[in-house]
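Visitor: Here you go, one structure.
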Amino acid sequence: MVINREKIEFYLKDLETPIGKVINLSIALLVLVSSGIFVAETYHLPPDARLELRALDTCILIIFAVEYLLRLWSAEDPVKYIFSFYAVIDLIAILPSFIGWVDISYIRLLRWFRILRLLRFIDRKFLIGSISNEDSLIFARILFTLFAIVFIFSGLIYQVEHPANPQNFNTFLDAFYFSVVTMTTVGFGDVIPVSELGRLLTVLMILTGVALIPWQVGDLIRRLVKTANQIENVCLNCGLAFHDTDAVFCKRCGTQLKVNN
């Protein structure tokens, strides 16, 4: 049987056909499961349960590696693909675990970035039924970005601080609490990192909280205010759902809108 590169590339990117949706939904679910495994491993688990989780994570890792190789093999320009944003995220998702098998310190920290693979699936075509217009899609991306930032920083600070400061960073929830408090600049001071790398991460959290999060939240508020001042009037040409109350033509494609009585 001849393997068609174009067909493989199509289904790995496709979010509309049943086969494409099944493939990409399965990948998205595996990303969530693997991220959940990282969180679960921070808690006290029976040895058998921990072994089963690691076996499951290894299986997921192999699937991700095969997926990456298929995307690389089927890409029209492999070199361009390697340096694309999503390819770098895909590589970060699998490389730390393989390197971790030979015990290179701190490389496995990058595995917490695996959740960023979900960015590929924050798409209107993929989230059909949940995302009704472009503003809602941007809204979903902003919310996911905020969650991903907190999740990644929580994983990193736990990985760094737990060995040196287990009483304060005992589980992922402890690290998550510290990340939220730090990035929102509340600063209760009840949890303090003791390692140099932990303090460096804390500085990065504060800078991120001061610079990035207000910008994202501000954009989110502007989107909400904008959407609140619009009405649903679906364009028959491009499908854009919401327009200004006095709009006569679609702001995206210029098609005349139907008149609402």
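By convention in this document, the chains of the structure tokens carry letters A, B, ... by their order, each chain's residues are numbered from 1, and ligands are numbered from 1 in the order they are shown.
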May I have the residues within 10 Å of A:Val203 as a list in words, using only C-alpha atoms and disregarding those fewer than 5 positions away in the same chain?
Guide: Thr182, Met183, Leu197, Gly198, Thr208 and Gly209 of chain A
Visitor: For A:Phe172, find every residue with an atom within 8 Å (counting only C-alpha atoms), except residues of its own chain fewer than 4 positions away, and show them as a list in words.
Guide: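 Contacts, with the query itself left out: Val39, Thr42, Tyr43, Ser154, Gly155, Tyr158 and Phe176 of chain A.
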Visitor: Would you please work out which residue, of A:Val180, A:Val160, A:Leu116, A:Cys235, is nearest to A:Arg141 when using only C-alpha atoms?
Guide: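 Selected residue with least distance to A:Arg141: A:Leu116.
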Visitor: Residues at most 12 Å from A:Ile27, counting only C-alpha atoms, excluding those fewer than 4 positions away in the same chain, as an MDAnalysis selection string?
Guide: chainID A and resid 12:13 20:23 31:34 60:61 63:68 90 114:115 117:121
Visitor: Output N, CA and C atoms for every residue in the selection just made, as a compact mmCIF listing (two decimals), in the first residue's frame.
Guide:
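Generated file (part20.txt):
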# COMPACT_ATOMS: atom_id res chain seq x y z
N LEU A 12 -3.71 15.59 9.15
CA LEU A 12 -3.07 16.11 10.35
C LEU A 12 -3.41 17.58 10.58
N LYS A 13 -3.84 18.26 9.53
CA LYS A 13 -4.21 19.67 9.65
C LYS A 13 -5.71 19.89 9.60
N GLY A 20 -10.33 13.79 10.03
CA GLY A 20 -9.46 14.84 10.55
C GLY A 20 -9.84 15.25 11.96
N LYS A 21 -11.14 15.34 12.22
CA LYS A 21 -11.59 15.72 13.56
C LYS A 21 -11.23 14.66 14.59
N VAL A 22 -11.40 13.38 14.22
CA VAL A 22 -11.07 12.29 15.14
C VAL A 22 -9.59 12.31 15.47
N ILE A 23 -8.75 12.49 14.46
CA ILE A 23 -7.30 12.50 14.66
C ILE A 23 -6.90 13.65 15.57
N VAL A 31 -3.00 15.35 24.89
CA VAL A 31 -2.27 16.48 25.51
C VAL A 31 -2.82 16.75 26.90
N LEU A 32 -4.15 16.75 27.03
CA LEU A 32 -4.77 16.98 28.33
C LEU A 32 -4.43 15.86 29.31
N VAL A 33 -4.47 14.61 28.83
CA VAL A 33 -4.14 13.47 29.70
C VAL A 33 -2.70 13.54 30.17
N SER A 34 -1.78 13.85 29.25
CA SER A 34 -0.36 13.92 29.63
C SER A 34 -0.11 15.05 30.63
N ILE A 60 1.92 7.79 25.39
CA ILE A 60 1.53 9.08 24.80
C ILE A 60 2.72 9.75 24.14
N LEU A 61 3.87 9.67 24.80
CA LEU A 61 5.09 10.25 24.25
C LEU A 61 5.44 9.63 22.90
N ILE A 63 3.37 8.24 20.78
CA ILE A 63 2.38 8.72 19.82
C ILE A 63 2.74 10.12 19.34
N PHE A 64 3.13 10.99 20.27
CA PHE A 64 3.52 12.35 19.91
C PHE A 64 4.76 12.34 19.00
N ALA A 65 5.69 11.45 19.29
CA ALA A 65 6.92 11.37 18.48
C ALA A 65 6.58 10.91 17.06
N VAL A 66 5.70 9.91 16.95
CA VAL A 66 5.28 9.44 15.62
C VAL A 66 4.55 10.54 14.87
N GLU A 67 3.69 11.26 15.59
CA GLU A 67 2.96 12.36 14.97
C GLU A 67 3.92 13.43 14.44
N TYR A 68 4.93 13.78 15.26
CA TYR A 68 5.90 14.79 14.84
C TYR A 68 6.65 14.34 13.58
N ASP A 90 5.78 21.29 19.28
CA ASP A 90 5.70 19.82 19.22
C ASP A 90 7.01 19.18 19.66
N ARG A 114 4.18 21.28 27.27
CA ARG A 114 3.41 20.43 26.38
C ARG A 114 1.98 20.92 26.21
N ILE A 115 1.44 21.58 27.23
CA ILE A 115 0.06 22.05 27.16
C ILE A 115 -0.13 23.09 26.06
N ARG A 117 0.59 22.80 23.15
CA ARG A 117 0.16 22.13 21.92
C ARG A 117 -1.33 22.34 21.67
N LEU A 118 -2.07 22.64 22.71
CA LEU A 118 -3.51 22.85 22.55
C LEU A 118 -3.82 24.13 21.78
N LEU A 119 -2.84 25.02 21.65
CA LEU A 119 -3.06 26.24 20.86
C LEU A 119 -3.49 25.92 19.44
N ARG A 120 -2.98 24.81 18.92
CA ARG A 120 -3.32 24.42 17.55
C ARG A 120 -4.81 24.14 17.41
N PHE A 121 -5.46 23.78 18.52
CA PHE A 121 -6.85 23.34 18.46
C PHE A 121 -7.83 24.41 18.92
Visitor: For A:Ile94, which of A:Leu70, A:Ile8, A:Leu45, A:Ile62 is the closest residue, counting only C-alpha atoms?
Guide: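 That would be A:Ile62, the residue with the smallest distance to A:Ile94.
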Visitor: Looking only at the backbone, which of the residues in stretch 148-214 of chain A does DSSP tag as alpha helix (DSSP H), as a PyMOL selection string?
Guide: chain A and resi 148-161+172-183+196-214
Visitor: If you keep N, CA and C atoms, can you produce a file of those selected residues as a tab-separated table (two decimals), in the first residue's frame?
Guide:
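Dumped everything to again_25.tsv:
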chain	number	residue	atom	x	y	z
A	148	ALA	N	-2.65	28.75	30.41
A	148	ALA	CA	-1.40	28.07	30.06
A	148	ALA	C	-0.21	28.71	30.75
A	149	ILE	N	-0.20	30.03	30.83
A	149	ILE	CA	0.91	30.73	31.49
A	149	ILE	C	0.99	30.33	32.96
A	150	VAL	N	-0.16	30.34	33.65
A	150	VAL	CA	-0.18	29.97	35.06
A	150	VAL	C	0.19	28.50	35.23
A	151	PHE	N	-0.32	27.64	34.37
A	151	PHE	CA	-0.04	26.21	34.46
A	151	PHE	C	1.45	25.93	34.29
A	152	ILE	N	2.06	26.56	33.28
A	152	ILE	CA	3.49	26.32	33.00
A	152	ILE	C	4.35	26.82	34.15
A	153	PHE	N	4.08	28.03	34.61
A	153	PHE	CA	4.87	28.56	35.73
A	153	PHE	C	4.69	27.71	36.98
A	154	SER	N	3.48	27.20	37.21
A	154	SER	CA	3.23	26.35	38.38
A	154	SER	C	4.06	25.08	38.30
A	155	GLY	N	4.08	24.46	37.11
A	155	GLY	CA	4.87	23.25	36.93
A	155	GLY	C	6.36	23.51	37.10
A	156	LEU	N	6.83	24.61	36.54
A	156	LEU	CA	8.26	24.93	36.62
A	156	LEU	C	8.68	25.20	38.07
A	157	ILE	N	7.89	26.00	38.79
A	157	ILE	CA	8.28	26.34	40.15
A	157	ILE	C	8.20	25.12	41.05
A	158	TYR	N	7.24	24.23	40.79
A	158	TYR	CA	7.17	22.99	41.57
A	158	TYR	C	8.40	22.14	41.30
A	159	GLN	N	8.75	21.99	40.03
A	159	GLN	CA	9.88	21.13	39.67
A	159	GLN	C	11.18	21.64	40.29
A	160	VAL	N	11.32	22.94	40.40
A	160	VAL	CA	12.55	23.54	40.91
A	160	VAL	C	12.57	23.56	42.44
A	161	GLU	N	11.43	23.91	43.05
A	161	GLU	CA	11.40	24.15	44.49
A	161	GLU	C	11.11	22.91	45.34
A	172	PHE	N	1.33	20.08	43.26
A	172	PHE	CA	1.10	21.04	42.18
A	172	PHE	C	0.16	22.15	42.65
A	173	LEU	N	-0.81	21.82	43.50
A	173	LEU	CA	-1.75	22.84	43.98
A	173	LEU	C	-1.03	23.91	44.78
A	174	ASP	N	-0.02	23.53	45.57
A	174	ASP	CA	0.78	24.52	46.29
A	174	ASP	C	1.48	25.45	45.30
A	175	ALA	N	2.05	24.87	44.26
A	175	ALA	CA	2.74	25.67	43.25
A	175	ALA	C	1.76	26.55	42.48
A	176	PHE	N	0.57	26.02	42.21
A	176	PHE	CA	-0.45	26.79	41.50
A	176	PHE	C	-0.89	27.99	42.33
A	177	TYR	N	-1.09	27.77	43.62
A	177	TYR	CA	-1.45	28.87	44.53
A	177	TYR	C	-0.37	29.94	44.52
A	178	PHE	N	0.89	29.52	44.62
A	178	PHE	CA	2.00	30.47	44.63
A	178	PHE	C	2.04	31.26	43.32
A	179	SER	N	1.82	30.58	42.19
A	179	SER	CA	1.88	31.24	40.88
A	179	SER	C	0.79	32.30	40.75
A	180	VAL	N	-0.43	31.95	41.15
A	180	VAL	CA	-1.55	32.89	41.05
A	180	VAL	C	-1.31	34.10	41.93
A	181	VAL	N	-0.89	33.86	43.17
A	181	VAL	CA	-0.63	34.95	44.11
A	181	VAL	C	0.50	35.85	43.60
A	182	THR	N	1.54	35.24	43.06
A	182	THR	CA	2.69	36.01	42.58
A	182	THR	C	2.37	36.79	41.33
A	183	MET	N	1.72	36.13	40.36
A	183	MET	CA	1.47	36.78	39.07
A	183	MET	C	0.39	37.84	39.15
A	196	GLU	N	17.95	29.43	44.02
A	196	GLU	CA	18.24	30.55	43.12
A	196	GLU	C	17.36	30.50	41.88
A	197	LEU	N	17.20	29.31	41.31
A	197	LEU	CA	16.36	29.18	40.12
A	197	LEU	C	14.91	29.47	40.45
A	198	GLY	N	14.48	29.07	41.66
A	198	GLY	CA	13.12	29.36	42.09
A	198	GLY	C	12.88	30.86	42.21
A	199	ARG	N	13.87	31.58	42.72
A	199	ARG	CA	13.74	33.04	42.84
A	199	ARG	C	13.75	33.70	41.47
A	200	LEU	N	14.54	33.15	40.56
A	200	LEU	CA	14.55	33.69	39.19
A	200	LEU	C	13.19	33.49	38.52
A	201	LEU	N	12.61	32.32	38.72
A	201	LEU	CA	11.28	32.06	38.17
A	201	LEU	C	10.24	33.00	38.80
A	202	THR	N	10.40	33.29	40.08
A	202	THR	CA	9.47	34.21	40.75
A	202	THR	C	9.55	35.60	40.14
A	203	VAL	N	10.76	36.05	39.84
A	203	VAL	CA	10.93	37.35	39.18
A	203	VAL	C	10.25	37.35	37.81
A	204	LEU	N	10.43	36.26	37.08
A	204	LEU	CA	9.78	36.15	35.76
A	204	LEU	C	8.26	36.14	35.89
A	205	MET	N	7.76	35.48	36.94
A	205	MET	CA	6.32	35.48	37.19
A	205	MET	C	5.80	36.90	37.43
A	206	ILE	N	6.52	37.64	38.26
A	206	ILE	CA	6.10	39.00	38.59
A	206	ILE	C	6.11	39.88	37.34
A	207	LEU	N	7.17	39.76	36.54
A	207	LEU	CA	7.26	40.55	35.31
A	207	LEU	C	6.14	40.17	34.35
A	208	THR	N	5.86	38.89	34.27
A	208	THR	CA	4.77	38.43	33.40
A	208	THR	C	3.43	38.95	33.92
A	209	GLY	N	3.25	38.88	35.24
A	209	GLY	CA	2.01	39.37	35.83
A	209	GLY	C	1.82	40.85	35.63
A	210	VAL	N	2.91	41.61	35.69
A	210	VAL	CA	2.82	43.06	35.53
A	210	VAL	C	2.61	43.46	34.07
A	211	ALA	N	3.27	42.75	33.16
A	211	ALA	CA	3.25	43.15	31.75
A	211	ALA	C	2.20	42.43	30.92
A	212	LEU	N	2.19	41.10	30.97
A	212	LEU	CA	1.39	40.34	30.02
A	212	LEU	C	-0.06	40.18	30.45
A	213	ILE	N	-0.27	39.80	31.69
A	213	ILE	CA	-1.64	39.49	32.13
A	213	ILE	C	-2.57	40.71	32.06
A	214	PRO	N	-2.17	41.91	32.53
A	214	PRO	CA	-3.08	43.06	32.38
A	214	PRO	C	-3.42	43.35	30.92
Visitor: Find the residues near A:Val234: any atom within 9 Å, counting only C-alpha atoms, skip ones fewer than 3 places away on the same chain, and give them as a compact mmCIF listing (two decimals) with all heavy atoms, in the first residue's frame.
Guide:
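Below is the file that was written, part16.txt:
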# COMPACT_ATOMS: atom_id res chain seq x y z
N ASN A 237 -22.71 35.38 3.48
CA ASN A 237 -21.57 35.05 2.63
C ASN A 237 -20.42 34.42 3.42
O ASN A 237 -19.95 33.33 3.09
CB ASN A 237 -21.07 36.31 1.91
CG ASN A 237 -19.91 36.02 0.99
OD1 ASN A 237 -19.95 35.07 0.20
ND2 ASN A 237 -18.86 36.83 1.07
N CYS A 238 -19.96 35.08 4.50
CA CYS A 238 -18.79 34.59 5.24
C CYS A 238 -19.15 33.97 6.59
O CYS A 238 -18.31 33.34 7.23
CB CYS A 238 -17.77 35.71 5.44
SG CYS A 238 -18.30 37.01 6.58
N GLY A 239 -20.38 34.18 7.06
CA GLY A 239 -20.81 33.56 8.31
C GLY A 239 -20.51 34.34 9.56
O GLY A 239 -20.78 33.85 10.67
N LEU A 240 -19.92 35.54 9.46
CA LEU A 240 -19.64 36.34 10.65
C LEU A 240 -20.95 36.64 11.36
O LEU A 240 -21.91 37.13 10.75
CB LEU A 240 -18.94 37.64 10.26
CG LEU A 240 -18.45 38.53 11.42
CD1 LEU A 240 -17.39 37.80 12.24
CD2 LEU A 240 -17.89 39.85 10.89
N ALA A 241 -21.01 36.34 12.66
CA ALA A 241 -22.30 36.32 13.35
C ALA A 241 -22.72 37.68 13.93
O ALA A 241 -23.89 38.03 13.89
CB ALA A 241 -22.29 35.27 14.45
N PHE A 242 -21.77 38.45 14.49
CA PHE A 242 -22.14 39.65 15.23
C PHE A 242 -21.67 40.91 14.50
O PHE A 242 -20.54 40.99 14.02
CB PHE A 242 -21.55 39.61 16.64
CG PHE A 242 -22.25 38.62 17.53
CD1 PHE A 242 -21.84 37.30 17.60
CD2 PHE A 242 -23.33 39.02 18.30
CE1 PHE A 242 -22.48 36.39 18.42
CE2 PHE A 242 -23.99 38.12 19.14
CZ PHE A 242 -23.57 36.81 19.18
N HIS A 243 -22.56 41.90 14.44
CA HIS A 243 -22.26 43.18 13.81
C HIS A 243 -22.82 44.31 14.67
O HIS A 243 -23.64 44.07 15.57
CB HIS A 243 -22.86 43.26 12.40
CG HIS A 243 -22.26 42.29 11.43
ND1 HIS A 243 -22.65 40.98 11.34
CD2 HIS A 243 -21.26 42.45 10.52
CE1 HIS A 243 -21.94 40.36 10.41
NE2 HIS A 243 -21.10 41.23 9.89
N CYS A 250 -21.49 43.69 5.88
CA CYS A 250 -20.60 42.88 6.71
C CYS A 250 -19.23 43.54 6.79
O CYS A 250 -18.65 43.92 5.77
CB CYS A 250 -20.47 41.47 6.12
SG CYS A 250 -19.30 40.42 7.00
N LEU A 257 -26.08 42.97 4.62
CA LEU A 257 -26.70 42.17 5.66
C LEU A 257 -28.22 42.20 5.53
O LEU A 257 -28.77 43.15 4.99
CB LEU A 257 -26.30 42.68 7.04
CG LEU A 257 -24.80 42.67 7.37
CD1 LEU A 257 -24.54 43.40 8.68
CD2 LEU A 257 -24.26 41.24 7.45
N LYS A 258 -28.86 41.15 6.02
CA LYS A 258 -30.32 41.14 6.01
C LYS A 258 -30.84 42.14 7.05
O LYS A 258 -30.21 42.38 8.08
CB LYS A 258 -30.84 39.73 6.29
CG LYS A 258 -30.43 39.17 7.66
CD LYS A 258 -30.97 37.77 7.83
CE LYS A 258 -30.53 37.21 9.20
NZ LYS A 258 -31.03 35.82 9.39
Visitor: Have a look at A:Val259, A:Ala87, A:Cys253, A:Ala164 and name the one nearest to A:Ala75; count only C-alpha atoms.
Guide: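 Among the listed residues, the smallest separation from A:Ala75 belongs to A:Ala87.
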Visitor: Separation of atom CA of A:Ile92 and atom CA of A:Phe113, in Å?
Guide: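 Taking atom CA of A:Ile92 as the start and atom CA of A:Phe113 as the end point, the length is 7.0 Å.
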